[in-house]
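Q: Sharing a structure here in structure tokens format.
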Amino acid sequence: MKTEIRQTKDGSATLYVPELNEHYHSVNGALQESLHVFIRAGLDFITAQKQDVRLLEVGFGTGLNALLSLQQVRLYPVRVHYDTLEKYPLAPDLIAAMQFEKFILNPELLDYVPLLHQAPWHQAVPIVPNFELHKIQADLTTYDLRVNYYDLIYFDAFAPEKQPELWTLDIFQKLYDSLGTGGILVSYCAKGSFKRSLKAAGFTVEALPGPAGKREMTRAIKC
Ligand SMILES: C[S@@+](CC[C@H](N)C(=O)[O-])C[C@H]1O[C@@H](n2cnc3c(N)ncnc32)[C@H](O)[C@@H]1O
């Protein structure tokens with residue numbers, strides 16, 4: 001997919017996909033959205049209960065969620081196995097052109113940006129001793145996920161109206177089945193149809209305050 005680099009309101013960069021008229025992150029702030037939805041409502045929530053976390057991300061994209069997860073893991077005595085699915089990997093030149101150094105101010109963390117992107121696909125690679133990255137080039141609609149396995153899912157697909165095939169009951173059933181009991185799924189999306197499908201798949205659904213520019217986000221639990 002062809003992409004263009006765009007600045008968001010908190011000074012962080014994202015990508016715009018003209019073909020879909022869609023951004024990779026919120027235009028109100030890519031960094032703040034990722035921290036709010038995936039790190040605080042997802043990773044921090046689960047690491048308060050478990051110290052060994054199996055995480056699945058839908059959409060590796062720019063690697064921003066992975067980078068911020070790594071940042072968090074370096075602060076705490078936890079281990080994260082980070083599996084991430086991506087159908088359309090991005091070129092390293094494009095990632096360099098996004099200039100992470102303009103909004104990731106910790107130089108030590110910045111060093112991990114190329115490492116995350118250069119990590120081989122289809123292989124679990126320790127990036128630091130307590131953070132293992134496993135990038136999988138695959139399409140969520142056809143990929144067989146492990147069952148009763150994950151503790152946390154970052155559901156970071158493009159919006160339902162842009163990619164309806166990723167927001168079906170079949171997909172949420174597959175994600176539900178892939179979680180262990182007590183596992184959670186977090187998403188920036190708070191649409192009624194999304195929450196109804198999650199409930200139909202078996203999830204208990206919570207509406208949480210959203211990141212800047214959005215009233216709500218969703219956290220769903222497999223009880
Ligand atoms: C909203 S962006 C995710 C942004 C990403 N988490 C980040 O931090 O940059 C959605 C991502 O899902 C990927 N994607 C689209 N269709 C997919 C599919 N069928 N299976 C897996 N990934 C897909 C896109 O290429 C894109 O990287």
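Identifiers in the structure tokens: chain A, B, ... in order shown; residue index from 1 per chain; ligand index from 1 in order shown.
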Check which residues of chain A sit at most 7 Å from ligand 1 using only C-alpha atoms and all ligand atoms, and return one row each with the closest pair of atoms and their distance in Å to one decimal, ordered by chain and rising number, as a tab-separated table.

A:
```
residue	atom	partner	partner_atom_place_in_ligand_line	distance
A:His23	CA	ligand 1	1 (C)	6.8
A:Tyr24	CA	ligand 1	1 (C)	4.0
A:His25	CA	ligand 1	1 (C)	5.8
A:Val58	CA	ligand 1	22 (N)	5.7
A:Gly59	CA	ligand 1	12 (O)	3.4
A:Phe60	CA	ligand 1	6 (N)	4.7
A:Gly61	CA	ligand 1	27 (O)	3.3
A:Thr62	CA	ligand 1	9 (O)	3.6
A:Gly63	CA	ligand 1	8 (O)	4.7
A:Leu64	CA	ligand 1	8 (O)	3.9
A:Asn65	CA	ligand 1	8 (O)	4.4
A:Ala66	CA	ligand 1	8 (O)	6.8
A:Leu85	CA	ligand 1	21 (C)	5.1
A:Glu86	CA	ligand 1	22 (N)	3.9
A:Lys87	CA	ligand 1	22 (N)	4.2
A:Tyr88	CA	ligand 1	25 (O)	4.4
A:Pro89	CA	ligand 1	25 (O)	6.5
A:Ala138	CA	ligand 1	21 (C)	5.8
A:Asp139	CA	ligand 1	20 (N)	3.5
A:Leu140	CA	ligand 1	20 (N)	4.0
A:Thr141	CA	ligand 1	19 (N)	5.8
A:Asp156	CA	ligand 1	3 (C)	5.0
A:Ala157	CA	ligand 1	10 (C)	4.2
A:Phe158	CA	ligand 1	1 (C)	4.3
A:Leu166	CA	ligand 1	19 (N)	6.5
```

Q: Can you list, as a ChimeraX atom specification, all residues belonging to range 134-205 of chain A that DSSP tags as strand (DSSP E)?

A: /A:134-137,150-155,179-187,204-205

Q: Just to be explicit: take each residue in the selection above, keep N, CA and C atoms, and write the result as a PDB file, in the first residue's frame.

A:
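Done, and the output landed in part_19.pdb:
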```pdb
ATOM      1  N   HIS A 134       8.399 -11.475  17.763  1.00  0.00           N
ATOM      2  CA  HIS A 134       8.165 -12.483  16.715  1.00  0.00           C
ATOM      3  C   HIS A 134       7.250 -11.840  15.675  1.00  0.00           C
ATOM      4  N   LYS A 135       7.851 -11.362  14.586  1.00  0.00           N
ATOM      5  CA  LYS A 135       7.067 -10.709  13.528  1.00  0.00           C
ATOM      6  C   LYS A 135       6.604 -11.790  12.539  1.00  0.00           C
ATOM      7  N   ILE A 136       5.333 -11.729  12.219  1.00  0.00           N
ATOM      8  CA  ILE A 136       4.757 -12.747  11.332  1.00  0.00           C
ATOM      9  C   ILE A 136       4.089 -12.024  10.169  1.00  0.00           C
ATOM     10  N   GLN A 137       4.614 -12.267   8.961  1.00  0.00           N
ATOM     11  CA  GLN A 137       3.959 -11.647   7.811  1.00  0.00           C
ATOM     12  C   GLN A 137       2.794 -12.541   7.417  1.00  0.00           C
ATOM     13  N   TYR A 150      -2.779 -16.525  24.352  1.00  0.00           N
ATOM     14  CA  TYR A 150      -2.361 -15.145  24.634  1.00  0.00           C
ATOM     15  C   TYR A 150      -2.990 -14.586  25.914  1.00  0.00           C
ATOM     16  N   ASP A 151      -2.250 -13.599  26.502  1.00  0.00           N
ATOM     17  CA  ASP A 151      -2.760 -12.861  27.667  1.00  0.00           C
ATOM     18  C   ASP A 151      -3.320 -11.511  27.251  1.00  0.00           C
ATOM     19  N   LEU A 152      -2.807 -10.996  26.134  1.00  0.00           N
ATOM     20  CA  LEU A 152      -3.156  -9.621  25.748  1.00  0.00           C
ATOM     21  C   LEU A 152      -3.135  -9.506  24.225  1.00  0.00           C
ATOM     22  N   ILE A 153      -4.170  -8.876  23.688  1.00  0.00           N
ATOM     23  CA  ILE A 153      -4.201  -8.602  22.242  1.00  0.00           C
ATOM     24  C   ILE A 153      -4.310  -7.093  22.032  1.00  0.00           C
ATOM     25  N   TYR A 154      -3.385  -6.545  21.246  1.00  0.00           N
ATOM     26  CA  TYR A 154      -3.519  -5.166  20.765  1.00  0.00           C
ATOM     27  C   TYR A 154      -4.265  -5.272  19.440  1.00  0.00           C
ATOM     28  N   PHE A 155      -5.526  -4.907  19.419  1.00  0.00           N
ATOM     29  CA  PHE A 155      -6.273  -4.976  18.158  1.00  0.00           C
ATOM     30  C   PHE A 155      -6.183  -3.604  17.489  1.00  0.00           C
ATOM     31  N   LEU A 179      -7.123 -16.297  23.188  1.00  0.00           N
ATOM     32  CA  LEU A 179      -6.773 -15.813  24.537  1.00  0.00           C
ATOM     33  C   LEU A 179      -6.969 -16.919  25.569  1.00  0.00           C
ATOM     34  N   GLY A 180      -6.142 -16.879  26.614  1.00  0.00           N
ATOM     35  CA  GLY A 180      -6.388 -17.729  27.772  1.00  0.00           C
ATOM     36  C   GLY A 180      -7.434 -17.060  28.658  1.00  0.00           C
ATOM     37  N   THR A 181      -7.913 -17.790  29.657  1.00  0.00           N
ATOM     38  CA  THR A 181      -8.887 -17.206  30.583  1.00  0.00           C
ATOM     39  C   THR A 181      -8.246 -16.019  31.305  1.00  0.00           C
ATOM     40  N   GLY A 182      -8.975 -14.914  31.390  1.00  0.00           N
ATOM     41  CA  GLY A 182      -8.435 -13.693  32.013  1.00  0.00           C
ATOM     42  C   GLY A 182      -7.699 -12.816  31.016  1.00  0.00           C
ATOM     43  N   GLY A 183      -7.555 -13.298  29.790  1.00  0.00           N
ATOM     44  CA  GLY A 183      -6.861 -12.520  28.760  1.00  0.00           C
ATOM     45  C   GLY A 183      -7.715 -11.341  28.300  1.00  0.00           C
ATOM     46  N   ILE A 184      -7.049 -10.313  27.787  1.00  0.00           N
ATOM     47  CA  ILE A 184      -7.793  -9.116  27.370  1.00  0.00           C
ATOM     48  C   ILE A 184      -7.412  -8.673  25.957  1.00  0.00           C
ATOM     49  N   LEU A 185      -8.365  -7.965  25.360  1.00  0.00           N
ATOM     50  CA  LEU A 185      -8.146  -7.336  24.050  1.00  0.00           C
ATOM     51  C   LEU A 185      -8.401  -5.848  24.232  1.00  0.00           C
ATOM     52  N   VAL A 186      -7.500  -5.015  23.720  1.00  0.00           N
ATOM     53  CA  VAL A 186      -7.730  -3.562  23.769  1.00  0.00           C
ATOM     54  C   VAL A 186      -7.746  -3.003  22.347  1.00  0.00           C
ATOM     55  N   SER A 187      -8.593  -1.983  22.177  1.00  0.00           N
ATOM     56  CA  SER A 187      -8.703  -1.329  20.870  1.00  0.00           C
ATOM     57  C   SER A 187      -9.068   0.129  21.056  1.00  0.00           C
ATOM     58  N   THR A 204     -16.475 -10.121  27.850  1.00  0.00           N
ATOM     59  CA  THR A 204     -17.080  -9.122  28.715  1.00  0.00           C
ATOM     60  C   THR A 204     -16.441  -7.801  28.316  1.00  0.00           C
ATOM     61  N   VAL A 205     -17.268  -6.802  28.009  1.00  0.00           N
ATOM     62  CA  VAL A 205     -16.744  -5.598  27.368  1.00  0.00           C
ATOM     63  C   VAL A 205     -16.819  -4.391  28.303  1.00  0.00           C
TER      64      VAL A 205
END
```

Q: Under the rule that only C-alpha atoms are counted, which of A:Ile5, A:Pro126, A:Gln173, A:Leu20 is the nearest residue to Pro160 in chain A?

A: A:Leu20

Q: From the list A:Met98, A:Val78, A:Val73, A:Ile46, which residue is nearest Tyr16 in chain A when using only C-alpha atoms?

A: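 With only C-alpha atoms as the atom set, the closest residue is A:Met98.
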
Q: Identify, on the basis of only C-alpha atoms, every residue whose closest approach to Tyr176 in chain A does not exceed 7 Å; exclude the query and any residue fewer than 4 positions from it along the same chain; express the result as a PyMOL selection string.

A: chain A and resi 172+201+222

Q: Applying 9 Å and only C-alpha atoms, which residues near Val80 in chain A remain after dropping the ones on its own chain fewer than 5 positions away? List them as a list in words.

A: Gln51, Asp52, Val53, Arg54, Leu55, Ser69, Leu70, Val73, Asn130, Phe131, Glu132 and Leu133 of chain A

Q: Go ahead and write the selection's residues with all heavy atoms as a CSV table (one decimal), in the first residue's frame.

A:
```
chain,number,residue,atom,x,y,z
A,51,GLN,N,3.4,-11.7,35.3
A,51,GLN,CA,4.8,-11.2,35.0
A,51,GLN,C,5.4,-11.8,33.7
A,51,GLN,O,6.4,-11.4,33.2
A,51,GLN,CB,5.7,-11.4,36.2
A,51,GLN,CG,5.9,-10.1,37.0
A,51,GLN,CD,5.7,-10.3,38.4
A,51,GLN,OE1,6.2,-11.3,39.0
A,51,GLN,NE2,5.0,-9.4,39.1
A,52,ASP,N,4.7,-12.8,33.2
A,52,ASP,CA,5.1,-13.4,31.9
A,52,ASP,C,4.0,-13.3,31.0
A,52,ASP,O,3.0,-14.0,31.1
A,52,ASP,CB,5.5,-14.9,32.2
A,52,ASP,CG,6.5,-15.4,31.2
A,52,ASP,OD1,6.3,-15.1,30.0
A,52,ASP,OD2,7.4,-16.1,31.5
A,53,VAL,N,4.1,-12.4,30.0
A,53,VAL,CA,3.0,-12.0,29.2
A,53,VAL,C,3.2,-12.5,27.7
A,53,VAL,O,4.2,-12.2,27.1
A,53,VAL,CB,2.8,-10.5,29.3
A,53,VAL,CG1,1.7,-10.0,28.3
A,53,VAL,CG2,2.4,-10.1,30.7
A,54,ARG,N,2.2,-13.2,27.2
A,54,ARG,CA,2.1,-13.5,25.8
A,54,ARG,C,1.2,-12.5,25.1
A,54,ARG,O,0.0,-12.5,25.4
A,54,ARG,CB,1.6,-14.9,25.6
A,54,ARG,CG,2.6,-16.0,26.1
A,54,ARG,CD,1.8,-17.3,26.2
A,54,ARG,NE,2.6,-18.4,26.6
A,54,ARG,CZ,2.1,-19.5,26.9
A,54,ARG,NH1,0.8,-19.8,26.9
A,54,ARG,NH2,3.0,-20.5,27.3
A,55,LEU,N,1.8,-11.7,24.2
A,55,LEU,CA,1.0,-10.6,23.6
A,55,LEU,C,0.9,-10.9,22.1
A,55,LEU,O,1.9,-11.3,21.4
A,55,LEU,CB,1.8,-9.4,23.9
A,55,LEU,CG,1.3,-8.0,23.6
A,55,LEU,CD1,2.0,-6.9,24.5
A,55,LEU,CD2,1.3,-7.6,22.2
A,69,SER,N,6.0,-0.6,24.0
A,69,SER,CA,5.9,-1.8,24.9
A,69,SER,C,7.3,-2.2,25.4
A,69,SER,O,7.5,-2.5,26.6
A,69,SER,CB,5.3,-3.0,24.2
A,69,SER,OG,4.0,-2.7,23.7
A,70,LEU,N,8.3,-2.1,24.6
A,70,LEU,CA,9.6,-2.4,24.9
A,70,LEU,C,10.1,-1.4,26.0
A,70,LEU,O,10.7,-1.8,27.0
A,70,LEU,CB,10.5,-2.4,23.7
A,70,LEU,CG,12.0,-2.4,23.9
A,70,LEU,CD1,12.4,-3.8,24.5
A,70,LEU,CD2,12.7,-2.2,22.6
A,73,VAL,N,8.6,-2.5,29.3
A,73,VAL,CA,9.1,-3.7,29.8
A,73,VAL,C,10.5,-3.5,30.4
A,73,VAL,O,10.9,-4.2,31.4
A,73,VAL,CB,9.1,-4.7,28.6
A,73,VAL,CG1,10.0,-5.9,28.9
A,73,VAL,CG2,7.7,-5.2,28.3
A,130,ASN,N,14.3,-9.5,28.4
A,130,ASN,CA,12.9,-9.8,28.8
A,130,ASN,C,11.9,-9.3,27.7
A,130,ASN,O,10.7,-9.1,28.0
A,130,ASN,CB,12.6,-9.2,30.1
A,130,ASN,CG,12.8,-7.7,30.2
A,130,ASN,OD1,13.5,-7.1,29.3
A,130,ASN,ND2,12.2,-7.0,31.1
A,131,PHE,N,12.3,-9.1,26.5
A,131,PHE,CA,11.3,-8.8,25.4
A,131,PHE,C,11.7,-9.5,24.1
A,131,PHE,O,12.8,-9.2,23.5
A,131,PHE,CB,11.4,-7.3,25.2
A,131,PHE,CG,10.3,-6.8,24.2
A,131,PHE,CD1,9.1,-6.3,24.6
A,131,PHE,CD2,10.6,-6.7,22.8
A,131,PHE,CE1,8.2,-5.8,23.7
A,131,PHE,CE2,9.7,-6.3,21.9
A,131,PHE,CZ,8.5,-5.8,22.3
A,132,GLU,N,10.8,-10.4,23.8
A,132,GLU,CA,11.1,-11.3,22.6
A,132,GLU,C,10.1,-10.9,21.5
A,132,GLU,O,8.9,-10.8,21.7
A,132,GLU,CB,10.9,-12.7,23.0
A,132,GLU,CG,11.3,-13.7,22.0
A,132,GLU,CD,11.0,-15.1,22.5
A,132,GLU,OE1,9.8,-15.5,22.6
A,132,GLU,OE2,11.9,-15.8,22.8
A,133,LEU,N,10.6,-10.5,20.3
A,133,LEU,CA,9.7,-10.1,19.2
A,133,LEU,C,9.6,-11.2,18.2
A,133,LEU,O,10.7,-11.7,17.7
A,133,LEU,CB,10.4,-8.8,18.6
A,133,LEU,CG,9.6,-8.3,17.4
A,133,LEU,CD1,8.3,-7.7,17.8
A,133,LEU,CD2,10.5,-7.2,16.7
```
